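Here is the file data.pdb (PDB, C-alpha atoms and all ligand atoms).
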```pdb
MODEL        1
ATOM      1  CA  MET C   1     100.519 108.715 227.499
ATOM      2  CA  TYR C   2      97.034 108.361 226.075
ATOM      3  CA  PHE C   3      98.543 107.455 222.707
ATOM      4  CA  ILE C   4     100.760 104.769 224.279
ATOM      5  CA  HIS C   5      97.774 103.365 226.134
ATOM      6  CA  LEU C   6      95.759 103.319 222.920
ATOM      7  CA  ALA C   7      98.599 101.770 220.934
ATOM      8  CA  TYR C   8      99.057  99.060 223.564
ATOM      9  CA  ASN C   9      95.388  98.147 223.510
ATOM     10  CA  GLN C  10      94.725  98.521 219.778
ATOM     11  CA  PRO C  11      98.057  98.037 217.983
ATOM     12  CA  LEU C  12      96.478  96.935 214.692
ATOM     13  CA  ASN C  13      94.018  99.827 214.541
ATOM     14  CA  ILE C  14      96.768 102.365 215.205
ATOM     15  CA  LEU C  15      99.034 100.778 212.610
ATOM     16  CA  SER C  16      96.306 100.746 209.955
ATOM     17  CA  LEU C  17      95.473 104.370 210.838
ATOM     18  CA  ILE C  18      99.101 105.407 210.329
ATOM     19  CA  VAL C  19      99.359 103.492 207.026
ATOM     20  CA  ARG C  20      96.074 105.025 205.836
ATOM     21  CA  ASN C  21      97.224 108.556 206.730
ATOM     22  CA  ILE C  22     100.531 108.055 204.913
ATOM     23  CA  CYS C  23      98.596 106.808 201.870
ATOM     24  CA  VAL C  24      96.211 109.751 201.938
ATOM     25  CA  LEU C  25      99.092 112.217 202.323
ATOM     26  CA  SER C  26     100.981 110.724 199.401
ATOM     27  CA  ILE C  27      97.816 110.881 197.261
ATOM     28  CA  LYS C  28      97.356 114.556 198.053
ATOM     29  CA  MET C  29     100.941 115.214 197.065
ATOM     30  CA  ALA C  30     100.764 113.063 193.933
ATOM     31  CA  ILE C  31      97.591 114.477 192.359
ATOM     32  CA  SER C  32      97.706 118.168 191.699
ATOM     33  CA  TYR C  33      94.855 120.521 192.384
ATOM     34  CA  LYS C  34      95.073 121.655 188.736
ATOM     35  CA  LYS C  35      94.445 118.177 187.403
ATOM     36  CA  ILE C  36      91.400 117.810 189.632
ATOM     37  CA  GLU C  37      90.129 121.223 188.582
ATOM     38  CA  PHE C  38      90.595 120.318 184.898
ATOM     39  CA  PHE C  39      88.610 117.114 185.444
ATOM     40  CA  GLN C  40      85.784 118.910 187.282
ATOM     41  CA  ASN C  41      85.465 121.791 184.804
ATOM     42  CA  LYS C  42      85.497 119.578 181.731
ATOM     43  CA  LEU C  43      82.916 117.179 183.103
ATOM     44  CA  LEU C  44      80.586 119.843 184.484
ATOM     45  CA  SER C  45      80.527 121.631 181.157
ATOM     46  CA  TRP C  46      80.066 118.328 179.255
ATOM     47  CA  PHE C  47      77.187 117.414 181.567
ATOM     48  CA  LYS C  48      75.255 120.606 180.710
ATOM     49  CA  ASP C  49      74.802 119.401 177.111
ATOM     50  CA  ASN C  50      75.012 115.634 177.488
ATOM     51  CA  GLY C  51      73.715 114.695 180.930
ATOM     52  CA  ARG C  52      70.943 112.119 181.030
ATOM     53  CA  ALA C  53      67.525 112.981 182.445
ATOM     54  CA  PHE C  54      66.278 110.301 184.809
ATOM     55  CA  PRO C  55      63.244 110.355 187.133
ATOM     56  CA  TRP C  56      65.542 110.186 190.194
ATOM     57  CA  ARG C  57      67.314 113.352 189.055
ATOM     58  CA  MET C  58      64.225 115.527 189.406
ATOM     59  CA  PRO C  59      64.426 118.395 191.886
ATOM     60  CA  LYS C  60      62.828 117.967 195.311
ATOM     61  CA  MET C  61      63.285 114.226 195.646
ATOM     62  CA  THR C  62      62.320 112.855 199.059
ATOM     63  CA  ALA C  63      64.624 110.639 201.103
ATOM     64  CA  TYR C  64      62.295 107.721 200.364
ATOM     65  CA  GLN C  65      62.465 108.287 196.596
ATOM     66  CA  VAL C  66      66.260 108.646 196.643
ATOM     67  CA  ILE C  67      66.778 105.445 198.601
ATOM     68  CA  ILE C  68      64.310 103.352 196.589
ATOM     69  CA  SER C  69      65.882 104.578 193.326
ATOM     70  CA  GLU C  70      69.376 103.673 194.514
ATOM     71  CA  ILE C  71      68.269 100.217 195.642
ATOM     72  CA  LEU C  72      66.650  99.537 192.263
ATOM     73  CA  LEU C  73      69.709 100.839 190.428
ATOM     74  CA  GLN C  74      72.057  98.339 192.046
ATOM     75  CA  ARG C  75      73.307  96.014 189.303
ATOM     76  CA  THR C  76      70.473  97.102 187.007
ATOM     77  CA  ARG C  77      70.587  99.240 183.871
ATOM     78  CA  ALA C  78      69.557 102.849 184.490
ATOM     79  CA  GLU C  79      67.205 102.805 181.466
ATOM     80  CA  THR C  80      65.365  99.748 182.858
ATOM     81  CA  VAL C  81      64.940 101.386 186.264
ATOM     82  CA  ALA C  82      63.793 104.659 184.643
ATOM     83  CA  LYS C  83      60.823 102.812 183.131
ATOM     84  CA  PHE C  84      60.013 100.869 186.283
ATOM     85  CA  LEU C  85      60.468 103.519 188.995
ATOM     86  CA  PRO C  86      57.304 105.612 188.353
ATOM     87  CA  TYR C  87      55.202 102.430 188.560
ATOM     88  CA  PHE C  88      56.894 101.384 191.801
ATOM     89  CA  LEU C  89      56.508 104.845 193.370
ATOM     90  CA  LYS C  90      52.863 104.984 192.380
ATOM     91  CA  LYS C  91      52.205 101.679 194.108
ATOM     92  CA  TYR C  92      54.388 102.490 197.130
ATOM     93  CA  PRO C  93      54.778 106.280 197.368
ATOM     94  CA  ASN C  94      56.238 106.453 200.878
ATOM     95  CA  TRP C  95      57.614 104.540 203.874
ATOM     96  CA  LYS C  96      54.141 104.138 205.341
ATOM     97  CA  LYS C  97      52.741 102.454 202.241
ATOM     98  CA  ILE C  98      55.725 100.210 201.591
ATOM     99  CA  GLY C  99      55.574  99.194 205.260
ATOM    100  CA  THR C 100      52.283  97.409 204.445
ATOM    101  CA  ALA C 101      53.830  95.278 201.665
ATOM    102  CA  THR C 102      54.636  91.635 202.363
ATOM    103  CA  GLU C 103      57.977  90.143 201.366
ATOM    104  CA  ASN C 104      56.210  88.063 198.736
ATOM    105  CA  GLU C 105      54.518  91.118 197.207
ATOM    106  CA  LEU C 106      57.858  92.899 196.914
ATOM    107  CA  GLU C 107      59.480  89.854 195.360
ATOM    108  CA  LEU C 108      56.723  89.538 192.752
ATOM    109  CA  LEU C 109      56.900  93.233 191.976
ATOM    110  CA  LEU C 110      60.683  93.233 191.489
ATOM    111  CA  LYS C 111      60.931  89.964 189.575
ATOM    112  CA  PRO C 112      60.338  91.382 186.071
ATOM    113  CA  LEU C 113      63.341  93.657 186.648
ATOM    114  CA  GLY C 114      65.597  90.642 186.876
ATOM    115  CA  LEU C 115      66.628  91.515 190.411
ATOM    116  CA  GLN C 116      67.583  88.737 192.778
ATOM    117  CA  SER C 117      65.064  87.716 195.436
ATOM    118  CA  GLN C 118      67.828  88.624 197.903
ATOM    119  CA  ARG C 119      67.129  92.254 197.111
ATOM    120  CA  SER C 120      63.405  92.048 197.843
ATOM    121  CA  LYS C 121      64.241  90.378 201.163
ATOM    122  CA  ARG C 122      66.536  93.259 202.067
ATOM    123  CA  LEU C 123      64.038  95.830 200.816
ATOM    124  CA  PHE C 124      61.414  94.188 203.026
ATOM    125  CA  LYS C 125      63.746  94.405 206.023
ATOM    126  CA  LEU C 126      64.350  98.084 205.274
ATOM    127  CA  SER C 127      60.631  98.804 204.951
ATOM    128  CA  GLN C 128      59.952  97.144 208.300
ATOM    129  CA  ALA C 129      62.846  98.966 209.998
ATOM    130  CA  MET C 130      61.554 102.297 208.659
ATOM    131  CA  LYS C 131      58.029 101.424 209.735
ATOM    132  CA  GLU C 132      59.324 100.983 213.273
ATOM    133  CA  ARG C 133      61.143 104.316 213.025
ATOM    134  CA  LYS C 134      58.029 106.030 211.577
ATOM    135  CA  GLY C 135      60.019 106.943 208.457
ATOM    136  CA  ARG C 136      62.624 108.980 210.348
ATOM    137  CA  PHE C 137      66.371 108.560 209.903
ATOM    138  CA  PRO C 138      68.755 108.977 212.817
ATOM    139  CA  LYS C 139      71.056 111.994 212.551
ATOM    140  CA  LYS C 140      74.375 110.191 213.025
ATOM    141  CA  ARG C 141      75.827 108.446 209.994
ATOM    142  CA  SER C 142      77.034 105.533 212.115
ATOM    143  CA  GLU C 143      73.402 104.967 213.182
ATOM    144  CA  ILE C 144      72.021 105.360 209.642
ATOM    145  CA  GLU C 145      74.414 102.669 208.413
ATOM    146  CA  LYS C 146      72.921 100.207 210.899
ATOM    147  CA  ILE C 147      69.556 100.343 209.069
ATOM    148  CA  PRO C 148      69.192  97.457 206.548
ATOM    149  CA  MET C 149      70.369  98.376 202.995
ATOM    150  CA  MET C 150      71.929 101.649 204.200
ATOM    151  CA  GLY C 151      75.520 100.768 203.359
ATOM    152  CA  GLN C 152      78.226 103.259 202.413
ATOM    153  CA  TYR C 153      76.924 103.987 198.908
ATOM    154  CA  ILE C 154      73.226 104.478 199.705
ATOM    155  CA  THR C 155      74.030 106.489 202.833
ATOM    156  CA  ASN C 156      76.234 108.736 200.687
ATOM    157  CA  ALA C 157      73.354 109.129 198.207
ATOM    158  CA  TYR C 158      70.981 110.071 201.031
ATOM    159  CA  GLU C 159      73.409 112.606 202.498
ATOM    160  CA  LEU C 160      74.322 114.013 199.073
ATOM    161  CA  PHE C 161      70.805 114.429 197.654
ATOM    162  CA  ILE C 162      68.852 115.153 200.825
ATOM    163  CA  LEU C 163      71.352 116.875 203.113
ATOM    164  CA  GLY C 164      73.483 118.470 200.366
ATOM    165  CA  LYS C 165      76.780 117.009 201.603
ATOM    166  CA  LYS C 166      79.759 116.824 199.238
ATOM    167  CA  LEU C 167      80.004 113.043 199.016
ATOM    168  CA  PRO C 168      80.907 110.732 196.117
ATOM    169  CA  LEU C 169      78.727 107.969 194.705
ATOM    170  CA  LEU C 170      81.725 105.724 194.288
ATOM    171  CA  ASP C 171      80.733 102.642 192.324
ATOM    172  CA  VAL C 172      82.640 100.538 189.784
ATOM    173  CA  ASN C 173      81.940 103.051 187.003
ATOM    174  CA  MET C 174      83.219 106.056 188.913
ATOM    175  CA  ALA C 175      86.180 103.967 190.105
ATOM    176  CA  ARG C 176      87.030 103.051 186.492
ATOM    177  CA  LEU C 177      87.006 106.637 185.269
ATOM    178  CA  LEU C 178      89.048 107.918 188.237
ATOM    179  CA  GLU C 179      91.512 105.082 187.919
ATOM    180  CA  ARG C 180      92.029 105.641 184.193
ATOM    181  CA  PHE C 181      92.274 109.404 184.385
ATOM    182  CA  PHE C 182      94.289 109.880 187.591
ATOM    183  CA  GLY C 183      96.235 106.642 187.726
ATOM    184  CA  PRO C 184      95.725 103.112 189.042
ATOM    185  CA  ARG C 185      94.194 102.356 192.390
ATOM    186  CA  LYS C 186      95.801 100.097 194.980
ATOM    187  CA  LEU C 187      93.050  97.763 196.232
ATOM    188  CA  SER C 188      90.343  95.804 194.441
ATOM    189  CA  ASP C 189      87.610  96.596 197.000
ATOM    190  CA  ILE C 190      86.683 100.212 196.289
ATOM    191  CA  ARG C 191      85.009 100.649 199.691
ATOM    192  CA  TYR C 192      88.288 100.226 201.546
ATOM    193  CA  ASP C 193      90.751 101.724 199.087
ATOM    194  CA  PRO C 194      92.024 104.965 200.737
ATOM    195  CA  TYR C 195      93.447 106.174 197.400
ATOM    196  CA  LEU C 196      90.109 105.971 195.600
ATOM    197  CA  GLN C 197      88.062 107.129 198.543
ATOM    198  CA  ASN C 198      90.210 110.207 199.026
ATOM    199  CA  LEU C 199      90.322 110.961 195.316
ATOM    200  CA  ALA C 200      86.549 110.563 194.933
ATOM    201  CA  HIS C 201      85.943 112.957 197.840
ATOM    202  CA  ARG C 202      88.304 115.500 196.285
ATOM    203  CA  VAL C 203      86.722 115.426 192.820
ATOM    204  CA  VAL C 204      83.176 115.947 194.110
ATOM    205  CA  ASN C 205      84.240 118.848 196.295
ATOM    206  CA  THR C 206      82.706 121.462 193.966
ATOM    207  CA  HIS C 207      79.965 124.081 194.191
ATOM    208  CA  ASN C 208      77.587 121.478 192.763
ATOM    209  CA  PRO C 209      78.326 118.017 194.183
ATOM    210  CA  LYS C 210      75.140 116.485 192.706
ATOM    211  CA  GLU C 211      76.006 117.487 189.149
ATOM    212  CA  ILE C 212      79.615 116.369 189.326
ATOM    213  CA  ASN C 213      78.500 112.959 190.601
ATOM    214  CA  TRP C 214      75.980 112.634 187.771
ATOM    215  CA  ALA C 215      78.532 113.885 185.244
ATOM    216  CA  ILE C 216      81.039 111.238 186.315
ATOM    217  CA  LEU C 217      78.418 108.475 186.180
ATOM    218  CA  ASP C 218      77.191 109.556 182.742
ATOM    219  CA  TYR C 219      80.653 110.095 181.305
ATOM    220  CA  SER C 220      81.783 106.649 182.434
ATOM    221  CA  ALA C 221      78.643 105.122 180.863
ATOM    222  CA  ILE C 222      78.778 107.033 177.551
ATOM    223  CA  VAL C 223      82.457 107.825 176.832
ATOM    224  CA  CYS C 224      84.869 106.128 179.228
ATOM    225  CA  LYS C 225      83.076 102.811 178.812
ATOM    226  CA  ALA C 226      84.300  99.621 180.448
ATOM    227  CA  LYS C 227      85.248  97.645 177.330
ATOM    228  CA  THR C 228      85.596 100.260 174.619
ATOM    229  CA  PRO C 229      86.501 103.720 175.940
ATOM    230  CA  LEU C 230      86.112 106.400 173.263
ATOM    231  CA  CYS C 231      89.520 107.959 173.872
ATOM    232  CA  ASP C 232      89.707 109.662 170.447
ATOM    233  CA  ASP C 233      86.621 111.735 171.245
ATOM    234  CA  CYS C 234      87.343 112.237 174.933
ATOM    235  CA  ILE C 235      87.442 115.747 176.396
ATOM    236  CA  LEU C 236      89.750 114.486 179.151
ATOM    237  CA  SER C 237      92.314 112.840 176.882
ATOM    238  CA  LEU C 238      94.836 115.714 177.145
ATOM    239  CA  LYS C 239      95.565 114.904 180.764
ATOM    240  CA  CYS C 240      94.402 111.286 181.021
ATOM    241  CA  SER C 241      96.975 108.954 182.612
ATOM    242  CA  SER C 242      95.790 106.039 180.452
ATOM    243  CA  ASN C 243      96.069 107.862 177.148
ATOM    244  CA  LYS C 244      99.803 108.275 176.578
TER
HETATM  245  S1  LIG T 301      91.087 109.286 177.381
HETATM  246 FE1  LIG T 301      90.078 107.271 177.311
HETATM  247  S2  LIG T 301      90.652 106.260 179.238
HETATM  248 FE2  LIG T 301      91.068 108.471 179.473
HETATM  249  S3  LIG T 301      89.218 109.277 180.406
HETATM  250 FE3  LIG T 301      89.011 109.534 178.202
HETATM  251  S4  LIG T 301      87.908 107.708 177.484
HETATM  252 FE4  LIG T 301      88.676 107.276 179.563
ENDMDL
END
```
Could I get this file's structure written as structure tokens?
Amino acid sequence: MYFIHLAYNQPLNILSLIVRNICVLSIKMAISYKKIEFFQNKLLSWFKDNGRAFPWRMPKMTAYQVIISEILLQRTRAETVAKFLPYFLKKYPNWKKIGTATENELELLLKPLGLQSQRSKRLFKLSQAMKERKGRFPKKRSEIEKIPMMGQYITNAYELFILGKKLPLLDVNMARLLERFFGPRKLSDIRYDPYLQNLAHRVVNTHNPKEINWAILDYSAIVCKAKTPLCDDCILSLKCSSNK
């Protein structure tokens, strides 16, 4: 009865829920546990010798440091951010300090990085929102995502690095590697693609979710590159769906 009532009032939501569940079920059936395990083991062992050391990968990062790093990393080369981040954190080491910065000051500070002024505007909004909250995040994810800049990706980063949750940092690079290795995705927008979202959650479900996320990001930057993937030297080639 409840279901009928719900379906009557929200037919589209119910339909999309059913379609999504069918998609997720077919993904689980299509991709074997062994293939995921192969992918995880190979990348975790590769990462031990080849992983990149960045300032935001240091142990004991604070929520503030994680979020600022992720904001700076958006559409910016990791190497560029690695040089800039210590300077930024020295000038603004916490929510309290950044809460005193004007929008203009943030824009001037970020300009040499080649970031759009749009980003400093949003960073300013975030700093003011956190000032009002006295630097504290709400506990519920749905509430966190209402804070400026705290979209799906940055909220995942916060929950992964600060709360230790097994969540993927699904960006275009991770999407490319997953798509090539496991098979093509269905939708162009990775945020709403149930295939990719489900797959990404499954591959980071390991004893060390931080390392597997970093391994995937590094491997997609160094080996499974966008334009020229190094398939001949790839440790995943044996089972890669794109290398037949
Ligand atoms: S074999 Fe090529 S396409 Fe497949 S994961 Fe390796 S580098 Fe990427």
Each side padded by 4 Å, which centre and which edge lengths in Å (one decimal) define the axis-aligned box around the listed atoms of ligand LIG 301 (chain T)? Give them as lines of an AutoDock Vina configuration file.
```
center_x = 89.5
center_y = 107.9
center_z = 178.9
size_x = 11.2
size_y = 11.3
size_z = 11.1
```
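For the choices C:Ser188, C:Thr155, C:Asn50, C:Asn173, the atom-to-atom distance to ligand LIG 301 (chain T) is smallest for C:Asn173 when using only C-alpha atoms and all ligand atoms.
Using only C-alpha atoms and all ligand atoms, the shortest contact distance between ligand LIG 301 (chain T) and any of C:Ile31, C:Leu72, C:Leu43, C:Leu163 is found at C:Leu43.
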ask   = Which residues match the PyMOL selection byres (((not hetatm)) within 10 of (chain T and resi 301)) in the file above, as an MDAnalysis selection string?
value = chainID C and resid 39 176:183 219:220 222:226 228:244
ask   = Got a sec to resolve the PyMOL selection byres (((chain C and resi 95) around 7) and not hetatm) on this structure and send the residues as a ChimeraX atom specification?
value = /C:64,94,96-99,127,130-131,135
Near-Asp189 (chain C) list (12 Å; only C-alpha atoms; drop same-chain fewer than 3 positions) as an mmCIF file with C-alpha atoms, in the frame of the given file:
```cif
data_model
loop_
_atom_site.group_PDB
_atom_site.id
_atom_site.type_symbol
_atom_site.label_atom_id
_atom_site.label_comp_id
_atom_site.auth_asym_id
_atom_site.auth_seq_id
_atom_site.Cartn_x
_atom_site.Cartn_y
_atom_site.Cartn_z
ATOM 1 C CA LEU C 170 81.725 105.724 194.288
ATOM 2 C CA ASP C 171 80.733 102.642 192.324
ATOM 3 C CA VAL C 172 82.640 100.538 189.784
ATOM 4 C CA ALA C 175 86.180 103.967 190.105
ATOM 5 C CA ARG C 185 94.194 102.356 192.390
ATOM 6 C CA LYS C 186 95.801 100.097 194.980
ATOM 7 C CA TYR C 192 88.288 100.226 201.546
ATOM 8 C CA ASP C 193 90.751 101.724 199.087
ATOM 9 C CA PRO C 194 92.024 104.965 200.737
ATOM 10 C CA TYR C 195 93.447 106.174 197.400
ATOM 11 C CA LEU C 196 90.109 105.971 195.600
ATOM 12 C CA GLN C 197 88.062 107.129 198.543
#
```
key: Residue neighbourhood Pro148 (chain C), 12 Å, all atoms listed in the file, exclusion window fewer than 2 positions, as an NGL selection string   = :C and (67 or 71 or 119-130 or 137 or 143-146 or 150-152 or 154-155)
note = Using all atoms listed in the file, the best pick from C:Ala200, C:Thr100, C:Arg191, C:Lys90 as closest to Gln65 (chain C) would be C:Lys90
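Of the listed residues (C:Leu89, C:Val203, C:Ala82, C:Ile190), C:Ala82 comes nearest to Leu113 (chain C); the distances count all atoms listed in the file.
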remark   = Atom pair CA of Pro86 (chain C) + CA of Leu44 (chain C), distance 27.6 Å
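Between CA of Gly114 (chain C) and CA of Asn213 (chain C) lies a distance of 26.0 Å.
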